[in-house]
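Asker: Next comes data15.cif, mmCIF, C-alpha atoms:
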data_protein
loop_
_atom_site.label_atom_id
_atom_site.label_comp_id
_atom_site.auth_asym_id
_atom_site.auth_seq_id
_atom_site.Cartn_x
_atom_site.Cartn_y
_atom_site.Cartn_z
CA MET A 214 0.00 0.00 0.00
CA GLY A 215 2.90 2.33 0.70
CA SER A 216 4.12 2.06 -2.90
CA VAL A 217 0.62 2.81 -4.22
CA LEU A 218 0.38 5.94 -2.11
CA LYS A 219 3.92 6.96 -3.09
CA ILE A 220 3.09 6.90 -6.80
CA THR A 221 -0.28 8.58 -6.19
CA LYS A 222 1.50 11.36 -4.30
CA LEU A 223 4.01 11.64 -7.15
CA HIS A 224 1.17 12.12 -9.66
CA PHE A 225 -0.26 15.01 -7.67
CA LEU A 226 3.02 16.69 -6.78
CA THR A 227 4.45 16.62 -10.30
CA LEU A 228 1.38 17.03 -12.51
CA PHE A 229 -2.13 16.89 -11.11
CA LYS A 230 -1.86 19.77 -8.64
CA TRP A 231 -0.91 22.15 -11.43
CA GLN A 232 -3.73 20.86 -13.59
CA ILE A 233 -6.20 21.33 -10.74
CA ILE A 234 -5.05 24.94 -10.34
CA SER A 235 -5.20 25.45 -14.10
CA CYS A 236 -8.69 23.91 -14.38
CA ALA A 237 -9.95 26.02 -11.47
CA GLY A 238 -8.60 29.13 -13.14
CA VAL A 239 -10.20 28.30 -16.48
CA LEU A 240 -13.51 27.45 -14.79
CA LEU A 241 -13.49 30.74 -12.91
CA LEU A 242 -12.46 32.79 -15.94
CA ASN A 243 -15.09 31.13 -18.11
CA PHE A 244 -17.71 31.73 -15.43
CA LEU A 245 -16.78 35.42 -15.01
CA ILE A 246 -16.82 36.02 -18.76
CA SER A 247 -20.24 34.38 -18.97
CA VAL A 248 -21.56 36.58 -16.16
CA VAL A 249 -20.26 39.71 -17.89
CA VAL A 250 -21.80 38.70 -21.22
CA ILE A 251 -25.16 37.98 -19.59
CA ARG A 252 -25.13 41.29 -17.72
CA LEU A 253 -24.14 43.29 -20.81
CA GLU A 254 -26.84 41.71 -22.93
CA GLU A 255 -29.36 42.08 -20.11
CA ALA A 256 -31.03 38.90 -21.28
CA GLY A 257 -32.13 35.77 -19.53
CA GLU A 258 -30.52 33.49 -22.07
CA ARG A 259 -27.58 31.26 -21.23
CA ALA A 260 -23.99 32.17 -21.99
CA GLY A 261 -20.80 30.16 -21.72
CA GLY A 262 -20.37 26.77 -20.14
CA GLY A 263 -19.44 25.19 -16.84
CA ASP A 264 -18.68 21.52 -16.37
CA PHE A 265 -17.44 20.92 -19.93
CA VAL A 266 -14.11 22.52 -18.93
CA ALA A 267 -13.46 19.83 -16.32
CA LEU A 268 -14.80 17.13 -18.66
CA VAL A 269 -12.20 18.17 -21.25
CA TYR A 270 -9.37 18.22 -18.69
CA MET A 271 -9.80 14.62 -17.51
CA PRO A 272 -9.06 12.73 -20.75
CA ILE A 273 -6.03 14.98 -21.20
CA MET A 274 -4.85 13.93 -17.74
CA GLY A 275 -5.28 10.31 -18.73
CA LEU A 276 -3.24 10.86 -21.86
CA ILE A 277 -0.23 12.60 -20.31
CA PHE A 278 0.32 11.22 -16.80
CA PHE A 279 1.32 7.67 -17.69
CA ALA A 280 4.72 7.62 -19.42
CA PRO A 281 6.94 9.60 -16.99
CA SER A 282 5.47 8.13 -13.81
CA PHE A 283 5.52 4.58 -15.23
CA ARG A 284 9.23 4.85 -16.01
CA TYR A 285 9.95 6.24 -12.53
CA ALA A 286 7.85 3.59 -10.76
CA LEU A 287 9.59 0.68 -12.44
CA SER A 288 13.01 2.23 -11.80
CA GLN A 289 12.11 2.25 -8.08
CA GLY A 290 11.20 -1.45 -8.13
CA ILE A 291 7.45 -0.84 -7.93
CA SER A 292 5.43 -3.54 -9.65
CA ARG A 293 3.08 -2.93 -12.58
CA LYS A 294 0.16 -4.05 -10.42
CA LYS A 295 0.87 -1.41 -7.78
CA PHE A 296 1.39 1.22 -10.44
CA PHE A 297 -1.98 0.26 -11.92
CA LEU A 298 -3.67 0.64 -8.52
CA ALA A 299 -1.95 3.99 -8.01
CA GLY A 300 -3.18 5.14 -11.41
CA ILE A 301 -6.78 4.20 -10.59
CA LEU A 302 -6.54 5.90 -7.18
CA SER A 303 -5.03 9.04 -8.73
CA MET A 304 -7.78 9.22 -11.34
CA ALA A 305 -10.48 8.71 -8.70
CA VAL A 306 -9.11 11.43 -6.41
CA MET A 307 -8.62 13.82 -9.33
CA SER A 308 -12.19 13.16 -10.51
CA ALA A 309 -13.56 13.78 -7.02
CA ILE A 310 -11.70 17.09 -6.71
CA LEU A 311 -12.90 18.33 -10.10
CA ALA A 312 -16.45 17.15 -9.35
CA VAL A 313 -16.46 19.26 -6.18
CA MET A 314 -15.14 22.24 -8.14
CA VAL A 315 -17.89 21.81 -10.73
CA GLU A 316 -20.47 21.56 -7.94
CA ILE A 317 -19.27 24.83 -6.41
CA ILE A 318 -19.49 26.57 -9.79
CA PHE A 319 -22.97 25.13 -10.28
CA VAL A 320 -24.19 26.40 -6.90
CA ILE A 321 -22.83 29.87 -7.65
CA ASN A 322 -24.32 29.66 -11.12
CA LEU A 323 -27.81 29.18 -9.66
CA GLN A 324 -27.47 32.45 -7.78
CA VAL A 325 -25.75 34.92 -10.09
CA ALA A 326 -25.65 33.62 -13.66
CA ASN A 327 -27.23 31.36 -16.25
CA VAL A 328 -24.36 29.26 -17.57
CA TRP A 329 -24.63 26.11 -19.65
CA MET A 330 -24.04 22.90 -17.68
CA ILE A 331 -24.00 19.58 -19.53
CA TYR A 332 -25.57 17.81 -16.56
CA GLU A 333 -28.42 20.30 -16.38
CA LEU A 334 -29.00 20.11 -20.15
CA ILE A 335 -29.44 16.34 -19.93
CA TYR A 336 -31.44 15.98 -16.75
CA GLY A 337 -32.87 19.43 -16.01
CA THR A 338 -32.56 18.98 -12.24
CA HIS A 339 -30.70 20.84 -9.49
CA ASN A 340 -30.16 17.98 -7.05
CA LEU A 341 -26.67 18.56 -5.65
CA LEU A 342 -26.04 14.93 -4.70
CA SER A 343 -26.93 13.61 -8.14
CA ILE A 344 -24.80 16.33 -9.76
CA ILE A 345 -21.64 15.46 -7.85
CA VAL A 346 -21.94 11.69 -8.31
CA TRP A 347 -22.75 12.05 -12.02
CA GLU A 348 -19.89 14.46 -12.59
CA PHE A 349 -17.53 12.16 -10.67
CA ALA A 350 -18.54 9.17 -12.81
CA ALA A 351 -18.23 11.15 -16.05
CA LEU A 352 -14.83 12.55 -15.09
CA LEU A 353 -13.51 9.16 -13.99
CA PHE A 354 -14.70 7.47 -17.17
CA LEU A 355 -13.08 10.13 -19.36
CA GLY A 356 -9.83 9.97 -17.41
CA ILE A 357 -9.69 6.18 -17.71
CA LEU A 358 -10.54 6.45 -21.41
CA GLY A 359 -7.64 8.85 -21.93
CA TRP A 360 -5.30 6.44 -20.12
CA PHE A 361 -6.51 3.55 -22.29
CA ILE A 362 -5.90 5.51 -25.50
CA CYS A 363 -2.47 6.52 -24.23
CA LEU A 364 -1.54 2.87 -23.68
CA ILE A 365 -2.67 1.89 -27.17
CA TYR A 366 -0.34 4.51 -28.61
CA TYR A 367 2.42 3.60 -26.15
CA LEU A 368 2.37 -0.09 -27.06
CA GLY A 369 1.44 0.19 -30.70
CA ASN A 370 3.84 0.21 -33.61
CA ARG A 371 3.83 2.94 -36.24
CA THR A 372 1.09 1.26 -38.26
CA THR A 373 -1.17 0.89 -35.24
CA LYS A 374 -0.71 4.54 -34.30
CA ILE A 375 -1.57 5.66 -37.83
CA LEU A 376 -4.66 3.44 -37.93
CA VAL A 377 -5.91 4.69 -34.56
CA SER A 378 -5.33 8.30 -35.59
CA VAL A 379 -6.99 7.96 -39.00
CA ALA A 380 -9.89 5.70 -37.95
CA PRO A 381 -12.24 8.47 -36.71
CA PHE A 382 -11.85 10.42 -39.96
CA VAL A 383 -12.73 7.31 -41.97
CA LEU A 384 -15.44 5.80 -39.77
CA VAL A 385 -17.46 8.96 -39.20
CA PRO A 386 -18.05 9.72 -42.92
CA LEU A 387 -18.66 6.01 -43.56
CA ILE A 388 -21.29 5.84 -40.80
CA MET A 389 -22.90 9.03 -42.11
CA LEU A 390 -23.09 7.52 -45.60
CA CYS A 391 -24.59 4.26 -44.31
CA ASN A 392 -27.00 6.25 -42.15
CA ALA A 393 -28.25 8.15 -45.22
CA LEU A 394 -28.72 4.89 -47.12
CA VAL A 395 -30.97 3.48 -44.36
CA ASN A 396 -32.97 6.70 -43.87
CA GLY A 397 -31.37 7.67 -40.57
CA ALA A 398 -31.86 4.32 -38.83
CA ILE A 399 -28.27 4.27 -37.53
CA SER A 400 -28.45 7.76 -36.02
CA ARG A 401 -31.80 6.96 -34.39
CA ALA A 402 -30.39 3.74 -32.92
CA LEU A 403 -27.29 5.53 -31.60
CA TRP A 404 -29.41 8.31 -30.12
CA GLN A 405 -31.68 5.79 -28.42
CA PHE A 406 -28.67 3.92 -27.05
CA CYS A 407 -27.16 7.14 -25.66
CA LYS A 408 -30.46 8.14 -24.05
CA THR A 409 -30.86 4.73 -22.46
CA ALA A 410 -27.24 4.58 -21.27
CA MET A 411 -27.50 8.05 -19.70
CA GLY A 412 -30.84 7.37 -18.04
CA TYR A 413 -32.75 9.70 -20.34
CA SER A 414 -35.15 7.19 -21.87
CA VAL A 415 -37.50 7.11 -18.88
CA ILE A 416 -40.28 9.62 -18.15
CA ASN A 417 -38.21 11.21 -15.40
CA PRO A 418 -34.53 11.36 -16.47
CA ASN A 419 -32.41 9.47 -13.95
CA PRO A 420 -28.76 10.60 -13.61
CA TYR A 421 -27.94 7.60 -11.43
CA ILE A 422 -28.44 5.30 -14.42
CA GLY A 423 -25.94 7.35 -16.37
CA MET A 424 -23.58 7.31 -13.40
CA ALA A 425 -23.79 3.52 -13.06
CA ASN A 426 -23.21 2.93 -16.77
CA MET A 427 -20.22 5.27 -16.90
CA LEU A 428 -18.68 3.60 -13.85
CA ALA A 429 -19.29 0.18 -15.41
CA ALA A 430 -17.61 1.33 -18.64
CA ALA A 431 -14.68 2.65 -16.61
CA VAL A 432 -14.32 -0.72 -14.86
CA VAL A 433 -14.28 -2.53 -18.21
CA LEU A 434 -11.60 -0.18 -19.51
CA THR A 435 -9.47 -0.68 -16.39
CA GLY A 436 -9.47 -4.40 -17.16
CA PHE A 437 -8.01 -3.72 -20.60
CA ILE A 438 -5.57 -1.22 -19.11
CA TYR A 439 -4.28 -3.83 -16.67
CA LEU A 440 -3.71 -6.31 -19.50
CA LEU A 441 -1.87 -3.68 -21.55
CA LEU A 442 0.25 -2.64 -18.56
CA ARG A 443 1.49 -6.19 -18.06
CA ARG A 444 3.28 -6.04 -21.42
CA ALA A 445 4.26 -2.37 -21.42
CA PRO A 446 8.03 -1.86 -21.85
CA ILE A 447 10.02 1.03 -20.43
CA LYS A 448 10.66 3.66 -23.09
CA ASP A 449 12.90 6.72 -23.01
#
Could you spell out this file's structure in structure tokens?
Answerer:
Amino acid sequence: MGSVLKITKLHFLTLFKWQIISCAGVLLLNFLISVVVIRLEEAGERAGGGDFVALVYMPIMGLIFFAPSFRYALSQGISRKKFFLAGILSMAVMSAILAVMVEIIFVINLQVANVWMIYELIYGTHNLLSIIVWEFAALLFLGILGWFICLIYYLGNRTTKILVSVAPFVLVPLIMLCNALVNGAISRALWQFCKTAMGYSVINPNPYIGMANMLAAAVVLTGFIYLLLRRAPIKD
């Protein structure tokens, strides 16, 4: 357990603490700009965004934290298993911190501004408990997803990296073409899947369904991450 905490502390001292400060600054700046825009326009419409800033930060964290800390951990004789546990713990703590920050912005938002919040757009509720658990699950899933993508690039050869990079630009137009050929059936199916996965297909949208599905997806990804870590070499 000591090794796990050591690597977790390393993540925060060398990288995450600066990203937390940076994210807080961007959240605050975005919020203040939105307030100014709303006041200048003197309109009740929404301006700017809130939680999307944190939701963008987490996959970036997953992409960049792995390589330097992995090399250091193995040089200190720390096993891949303990590094894996430290990575999960770091992502969970980081997600919790950002979720609390988003919650604070949301509470302030209810009093002095009218800023876009992805959670509120989906569910239309102001329940503080459901907000923080949903944001935590979303942030954790995105962080784990970023880590998973990082490992694919880290382990892949040049061909694999090119295929992964090009795939979205090929698949998206291909899916759009197929969707047009079947009169939008693919887009309707994807939309229905997203609504169901996020708990939006019931009469009263349920954020806890979305939370549970995102946590389940994160758990599945961690399984793949563990398998990839077992064969990850040390690179300069």
Asker: Would you mind reading off the distance between atom CA of A:Gly290 and atom CA of A:Met271, one decimal, in Å?
Answerer: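 Atom-to-atom, atom CA of A:Gly290 to atom CA of A:Met271, that is 28.1 Å.
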Asker: Taking the file as I've supplied it (selection: the PyMOL selection byres ((chain A and resi 341-344) around 8)), which residues are included? Please answer as a JSON list (two decimals) with C-alpha atoms, in the frame of the given file.
Answerer:
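Contents of out-v3.json, as written:
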[["chain", "number", "residue", "atom", "x", "y", "z"],
["A", 316, "GLU", "CA", -20.47, 21.56, -7.94],
["A", 332, "TYR", "CA", -25.57, 17.81, -16.56],
["A", 339, "HIS", "CA", -30.70, 20.84, -9.49],
["A", 340, "ASN", "CA", -30.16, 17.98, -7.05],
["A", 345, "ILE", "CA", -21.64, 15.46, -7.85],
["A", 346, "VAL", "CA", -21.94, 11.69, -8.31],
["A", 347, "TRP", "CA", -22.75, 12.05, -12.02],
["A", 348, "GLU", "CA", -19.89, 14.46, -12.59],
["A", 420, "PRO", "CA", -28.76, 10.60, -13.61],
["A", 421, "TYR", "CA", -27.94, 7.60, -11.43]]
Asker: List the residues selected by the PyMOL selection byres ((chain A and resi 274) around 10) in the file shown, writing them as a list in words.
Answerer: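 The output of the PyMOL selection byres ((chain A and resi 274) around 10) on this file is Leu228, Phe229, Gln232, Val269, Tyr270, Met271, Pro272, Ile273, Gly275, Leu276, Ile277, Phe278, Phe279, Met304, Met307, Leu355, Gly356, Ile357, Gly359 and Trp360 of chain A.
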Asker: Put a box with edges along x, y and z around all the listed atoms of stretch 420-434 of chain A, pad it by 5 Å on each side, then give me its centre and sizes in Å, one decimal, as lines of an AutoDock Vina configuration file.
Answerer:
center_x = -20.2
center_y = 4.0
center_z = -15.5
size_x = 27.2
size_y = 23.1
size_z = 18.1
Asker: What would the list of residues within 12 Å of (0.3, -0.5, -7.0) (file frame) look like as number ranges by chain, if only C-alpha atoms are what count?
Answerer: A: 214-221, 283, 286-287, 290-303, 439, 442
Asker: Those residues with C-alpha atoms, as a PDB file, keeping the file's coordinate frame please?
Answerer:
ATOM      1  CA  MET A 214       0.000   0.000   0.000  1.00  0.00           C
ATOM      2  CA  GLY A 215       2.900   2.330   0.700  1.00  0.00           C
ATOM      3  CA  SER A 216       4.120   2.060  -2.900  1.00  0.00           C
ATOM      4  CA  VAL A 217       0.620   2.810  -4.220  1.00  0.00           C
ATOM      5  CA  LEU A 218       0.380   5.940  -2.110  1.00  0.00           C
ATOM      6  CA  LYS A 219       3.920   6.960  -3.090  1.00  0.00           C
ATOM      7  CA  ILE A 220       3.090   6.900  -6.800  1.00  0.00           C
ATOM      8  CA  THR A 221      -0.280   8.580  -6.190  1.00  0.00           C
ATOM      9  CA  PHE A 283       5.520   4.580 -15.230  1.00  0.00           C
ATOM     10  CA  ALA A 286       7.850   3.590 -10.760  1.00  0.00           C
ATOM     11  CA  LEU A 287       9.590   0.680 -12.440  1.00  0.00           C
ATOM     12  CA  GLY A 290      11.200  -1.450  -8.130  1.00  0.00           C
ATOM     13  CA  ILE A 291       7.450  -0.840  -7.930  1.00  0.00           C
ATOM     14  CA  SER A 292       5.430  -3.540  -9.650  1.00  0.00           C
ATOM     15  CA  ARG A 293       3.080  -2.930 -12.580  1.00  0.00           C
ATOM     16  CA  LYS A 294       0.160  -4.050 -10.420  1.00  0.00           C
ATOM     17  CA  LYS A 295       0.870  -1.410  -7.780  1.00  0.00           C
ATOM     18  CA  PHE A 296       1.390   1.220 -10.440  1.00  0.00           C
ATOM     19  CA  PHE A 297      -1.980   0.260 -11.920  1.00  0.00           C
ATOM     20  CA  LEU A 298      -3.670   0.640  -8.520  1.00  0.00           C
ATOM     21  CA  ALA A 299      -1.950   3.990  -8.010  1.00  0.00           C
ATOM     22  CA  GLY A 300      -3.180   5.140 -11.410  1.00  0.00           C
ATOM     23  CA  ILE A 301      -6.780   4.200 -10.590  1.00  0.00           C
ATOM     24  CA  LEU A 302      -6.540   5.900  -7.180  1.00  0.00           C
ATOM     25  CA  SER A 303      -5.030   9.040  -8.730  1.00  0.00           C
ATOM     26  CA  TYR A 439      -4.280  -3.830 -16.670  1.00  0.00           C
ATOM     27  CA  LEU A 442       0.250  -2.640 -18.560  1.00  0.00           C
TER      28      LEU A 442
END
Asker: Which residue, A:Met411, A:Val248, A:Leu428, A:Val385, has the smallest gap to A:Leu323 when you use all atoms listed in the file?
Answerer: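 Ranked by minimum distance to A:Leu323, first place goes to A:Val248.
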Asker: When you count all atoms listed in the file, which of these residues is closest to A:Ala280: A:Pro418, A:Pro446, A:Gly238, A:Gly397?
Answerer: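 Between A:Pro418, A:Pro446, A:Gly238, A:Gly397, the residue approaching A:Ala280 most closely is A:Pro446.
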Asker: Using only C-alpha atoms, which of A:Leu368, A:Leu268, A:Val313, A:Ala305 sits nearest A:Ile447?
Answerer: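 Looking at the shortest contact to A:Ile447, the residue is A:Leu368.
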Asker: For A:Lys408, which residue out of A:Ile335, A:Ala393, A:Ala312, A:Val325 is the nearest one, using all atoms listed in the file?
Answerer: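 Ranked by minimum distance to A:Lys408, first place goes to A:Ile335.
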Asker: Rounded to one decimal in Å, what is the spacing between atom CA of A:Ile422 and atom CA of A:Phe349?
Answerer: 13.4 Å
Asker: Restricting the calculation to all atoms listed in the file: of A:Ser235, A:Ser282, A:Thr372, A:Thr435, which residue gets closest to A:Lys448?
Answerer: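 Counting all atoms listed in the file, the residue closest to A:Lys448 is A:Ser282.
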